[in-house]
Structures are given as C-alpha cells and as structure tokens.
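Asks: Sharing a structure with you now.
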Amino acid sequence: MTLFPFFEDIENKNILIVGGGKVACEKYDKLKMFTNRIKVVAQETQLSGDFVYKKSFEDSDLEGIDICIVATSDRELNRNIASLCNAKAIKVNVVDHKELCSFIFPSLVKKGNLCIGISTSGSSPIYSKTLREQIEQCIPDDIEMVLDRMEGLRKKVPEEVSKQSDRAKLYKNLLLKLLDGTACSDEELIHELLEK
C-alpha cells in the first residue's frame, strides 16, 4: 500500500461509523472536529443523539455514504462491509485491518485551522500517537490567533509587495513576529518590516 497524505474537503460528505466501542468513539471524536455529517450504527455504544442508530449493520446503511469507518470486533462483518464499500466506491477504513482499507485514518493534531496528520502507513500506530503528543507540546497556545492574523495579512501584503519572492520573505518575518507575540496592528507590522 502506497499512501499519499491528501487533505480532502469533507464538508458535504456523509460519514458512517460502524461500531460503538472505544475505538469507534475515538474516531467519532476526531471526525466531529471537522463535520457534523456523521452517522453511527452500533448495537451498543456510549454515544447518544439522533445520529446514533442502535441496531445491527445492514447493507442499506451505506446508501448515500461517502466515507465509512468500520470499528467492530467481528472480523467477518468488517471484511463484508469493506467489500460492499469497495463495490460502491465508498472510501473505507477498517480499524486494525490495513489490507481492507482504501485510506488510513491518521493520528491527528488539530488546533483551529492548523491540522497535522501523522501516519506510519499502519506499521506502528503507537509511534504515530507518541509523535502526535510530542508535536502538540510544541504548538503555541495562541496558534489559532496567529493563523487568523496570517490569513488577514495574506490579503493585505499583495497590495504592498508585488514580487512573489519578496512576499515570501515578508510572510516568514510576519509569522516570526506574530509567534513572538507582537501586538501592533497588521498595517504597522507590515510597514515596520518593509522599512527594514
């Protein structure tokens, strides 16, 4: 399996999680950071709400689904659901069964618009988790504010600097200033750096 780390827009995608145990709940919690279009089918689960269907999986549960996460303890059921998904061109991830997956669910770091996916291609999920924890400790607490300001600056800088290579240098210096906690306005920050 050769994996390329795409970031895909799932805003309008319908997601099904089959299973209700600890791992299924963890997958739900991660996906919930990105979308509300999640349906859970499980005979038993701690999850509750109108998105949870406490029942056995049926083939019809895949109708209108774009992405399926399979997290049951029944290996035969997992294999059957993966086969159905493949036949319907539904992206599928079967927890702990790499050979049945059409995509791998990465270990995620998400703070505001910052999203980092970590994968060992299924070789060592525990290393992905360990690395995720280390990365989380390196991210500044105010990273959401920094990224929001950088987004605004990216709209203003082209008005001041026409050459792309000069803009790239300015963006880097702006980011460094924001990470250091500079409190002046965007305009003051841009002009201060341009004058240097």
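How things are named: the first chain in the structure tokens is A, the next is B, and so on; residues count from 1 in each chain; ligands count from 1 in the order shown.
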Just list the residues in region 63-158 of chain A DSSP gives strand (DSSP E) on the backbone, as a PyMOL selection string.
Replies: chain A and resi 67-70+91-94+107-111+114-118
Asks: Just N, CA and C atoms for this one: save the residues we selected as a PDB file, in the first residue's frame.
Replies:
```pdb
ATOM      1  N   ILE A  67     -17.914   8.094   3.034  1.00  0.00           N
ATOM      2  CA  ILE A  67     -16.763   7.587   3.780  1.00  0.00           C
ATOM      3  C   ILE A  67     -17.288   6.685   4.890  1.00  0.00           C
ATOM      4  N   CYS A  68     -16.661   5.520   5.056  1.00  0.00           N
ATOM      5  CA  CYS A  68     -17.098   4.575   6.081  1.00  0.00           C
ATOM      6  C   CYS A  68     -15.918   4.178   6.971  1.00  0.00           C
ATOM      7  N   ILE A  69     -16.128   4.254   8.279  1.00  0.00           N
ATOM      8  CA  ILE A  69     -15.153   3.791   9.258  1.00  0.00           C
ATOM      9  C   ILE A  69     -15.741   2.547   9.903  1.00  0.00           C
ATOM     10  N   VAL A  70     -15.023   1.431   9.818  1.00  0.00           N
ATOM     11  CA  VAL A  70     -15.510   0.169  10.368  1.00  0.00           C
ATOM     12  C   VAL A  70     -14.689  -0.165  11.604  1.00  0.00           C
ATOM     13  N   LYS A  91     -15.082   5.293   0.192  1.00  0.00           N
ATOM     14  CA  LYS A  91     -13.804   5.205   0.897  1.00  0.00           C
ATOM     15  C   LYS A  91     -14.038   4.497   2.227  1.00  0.00           C
ATOM     16  N   VAL A  92     -13.157   3.546   2.547  1.00  0.00           N
ATOM     17  CA  VAL A  92     -13.366   2.756   3.759  1.00  0.00           C
ATOM     18  C   VAL A  92     -12.074   2.611   4.557  1.00  0.00           C
ATOM     19  N   ASN A  93     -12.236   2.701   5.875  1.00  0.00           N
ATOM     20  CA  ASN A  93     -11.141   2.437   6.807  1.00  0.00           C
ATOM     21  C   ASN A  93     -11.643   1.389   7.791  1.00  0.00           C
ATOM     22  N   VAL A  94     -10.942   0.268   7.826  1.00  0.00           N
ATOM     23  CA  VAL A  94     -11.280  -0.797   8.769  1.00  0.00           C
ATOM     24  C   VAL A  94     -10.196  -0.794   9.837  1.00  0.00           C
ATOM     25  N   SER A 107      -3.117   9.766  12.805  1.00  0.00           N
ATOM     26  CA  SER A 107      -3.115  10.379  14.129  1.00  0.00           C
ATOM     27  C   SER A 107      -3.164  11.878  13.872  1.00  0.00           C
ATOM     28  N   LEU A 108      -4.059  12.589  14.541  1.00  0.00           N
ATOM     29  CA  LEU A 108      -4.324  13.990  14.198  1.00  0.00           C
ATOM     30  C   LEU A 108      -3.938  14.973  15.287  1.00  0.00           C
ATOM     31  N   VAL A 109      -3.393  16.102  14.835  1.00  0.00           N
ATOM     32  CA  VAL A 109      -3.216  17.273  15.681  1.00  0.00           C
ATOM     33  C   VAL A 109      -4.069  18.352  15.047  1.00  0.00           C
ATOM     34  N   LYS A 110      -5.039  18.920  15.795  1.00  0.00           N
ATOM     35  CA  LYS A 110      -5.888  19.974  15.230  1.00  0.00           C
ATOM     36  C   LYS A 110      -6.073  21.081  16.253  1.00  0.00           C
ATOM     37  N   LYS A 111      -5.668  22.285  15.865  1.00  0.00           N
ATOM     38  CA  LYS A 111      -5.902  23.482  16.663  1.00  0.00           C
ATOM     39  C   LYS A 111      -6.333  24.573  15.699  1.00  0.00           C
ATOM     40  N   LEU A 114      -5.031  24.835  11.999  1.00  0.00           N
ATOM     41  CA  LEU A 114      -3.841  24.000  11.916  1.00  0.00           C
ATOM     42  C   LEU A 114      -4.254  22.540  12.037  1.00  0.00           C
ATOM     43  N   CYS A 115      -3.876  21.749  11.061  1.00  0.00           N
ATOM     44  CA  CYS A 115      -4.185  20.322  11.085  1.00  0.00           C
ATOM     45  C   CYS A 115      -2.973  19.555  10.600  1.00  0.00           C
ATOM     46  N   ILE A 116      -2.509  18.630  11.425  1.00  0.00           N
ATOM     47  CA  ILE A 116      -1.354  17.805  11.074  1.00  0.00           C
ATOM     48  C   ILE A 116      -1.781  16.351  11.162  1.00  0.00           C
ATOM     49  N   GLY A 117      -1.574  15.607  10.078  1.00  0.00           N
ATOM     50  CA  GLY A 117      -1.876  14.181  10.061  1.00  0.00           C
ATOM     51  C   GLY A 117      -0.583  13.390  10.090  1.00  0.00           C
ATOM     52  N   ILE A 118      -0.528  12.386  10.947  1.00  0.00           N
ATOM     53  CA  ILE A 118       0.683  11.583  11.104  1.00  0.00           C
ATOM     54  C   ILE A 118       0.331  10.122  10.856  1.00  0.00           C
TER      55      ILE A 118
END
```
Asks: Which neighbours of region 19-35 of chain A fall inside 8 Å, counting only C-alpha atoms, when residues of the same chain fewer than 2 positions from it are skipped, and could you give them as a list in words?
Replies: Ile10, Glu11, Ile17, Arg37, Ile38, Val40, Val41, Ala42, Gln43, Glu44, Thr45, Gln46, Leu47, Ile69, Val70, Ala71, Thr72 and Leu108 of chain A
Asks: For the atom pair CA of Ser119 (chain A) and CA of Ile104 (chain A), what is the interatomic distance in Å to one decimal place?
Replies: 7.7 Å
Asks: What separation in Å, quoted to one decimal, exists between CA of Asp96 (chain A) and CA of Thr2 (chain A)?
Replies: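 Between CA of Asp96 (chain A) and CA of Thr2 (chain A) the gap is 17.0 Å.
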Asks: Among region 1-162 of chain A, which ones does DSSP place in helix (DSSP H, G or I), written as a VMD selection string?
Replies: chain A and resid 22 to 32 59 to 62 75 to 87 98 to 100 125 to 138 143 to 160
Asks: Can you tell me which residues surround Ile65 (chain A) at a distance of at most 7 Å, considering only C-alpha atoms, apart from same-chain residues fewer than 4 positions away, and format the answer as a list in words?
Replies: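 Surrounding residues, per the criterion: Asn14, Ile15, Leu16 and Ile90 of chain A.
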Asks: Deliver the residues from the most recent selection as a file, using N, CA, C and O atoms, as a JSON list (two decimals), in the first residue's frame.
Replies:
```json
[["chain", "number", "residue", "atom", "x", "y", "z"],
["A", 14, "ASN", "N", -20.98, 12.52, 3.60],
["A", 14, "ASN", "CA", -21.69, 11.77, 4.63],
["A", 14, "ASN", "C", -20.81, 10.62, 5.11],
["A", 14, "ASN", "O", -20.30, 9.85, 4.31],
["A", 15, "ILE", "N", -20.64, 10.54, 6.43],
["A", 15, "ILE", "CA", -19.73, 9.57, 7.02],
["A", 15, "ILE", "C", -20.50, 8.59, 7.89],
["A", 15, "ILE", "O", -21.36, 8.98, 8.68],
["A", 16, "LEU", "N", -20.16, 7.32, 7.74],
["A", 16, "LEU", "CA", -20.76, 6.27, 8.56],
["A", 16, "LEU", "C", -19.68, 5.62, 9.41],
["A", 16, "LEU", "O", -18.62, 5.26, 8.90],
["A", 90, "ILE", "N", -17.04, 3.61, -2.11],
["A", 90, "ILE", "CA", -17.07, 4.36, -0.85],
["A", 90, "ILE", "C", -15.70, 4.18, -0.19],
["A", 90, "ILE", "O", -15.22, 3.06, -0.05]]
```
Asks: Residues near Leu176 (chain A), anyone? I mean within 10 Å using only C-alpha atoms, not counting same-chain ones fewer than 6 positions away, as a PyMOL selection string.
Replies: chain A and resi 146+170+182
Asks: Save out the residues we just selected, N, CA, C and O atoms, as a compact mmCIF listing (two decimals), in the first residue's frame.
Replies:
```
# COMPACT_ATOMS: atom_id res chain seq x y z
N VAL A 146 -2.67 33.44 15.77
CA VAL A 146 -1.57 33.68 14.82
C VAL A 146 -2.02 33.34 13.41
O VAL A 146 -1.81 34.11 12.47
N LEU A 170 8.60 38.32 3.41
CA LEU A 170 7.80 39.12 4.33
C LEU A 170 6.86 38.23 5.15
O LEU A 170 6.73 38.42 6.36
N THR A 182 4.08 39.86 18.98
CA THR A 182 3.96 41.27 18.60
C THR A 182 2.49 41.68 18.62
O THR A 182 1.63 41.00 18.06
```
Asks: Distance CA of Leu3 (chain A)-CA of His97 (chain A), one decimal place?
Replies: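 Distance between the two atoms: 15.1 Å.
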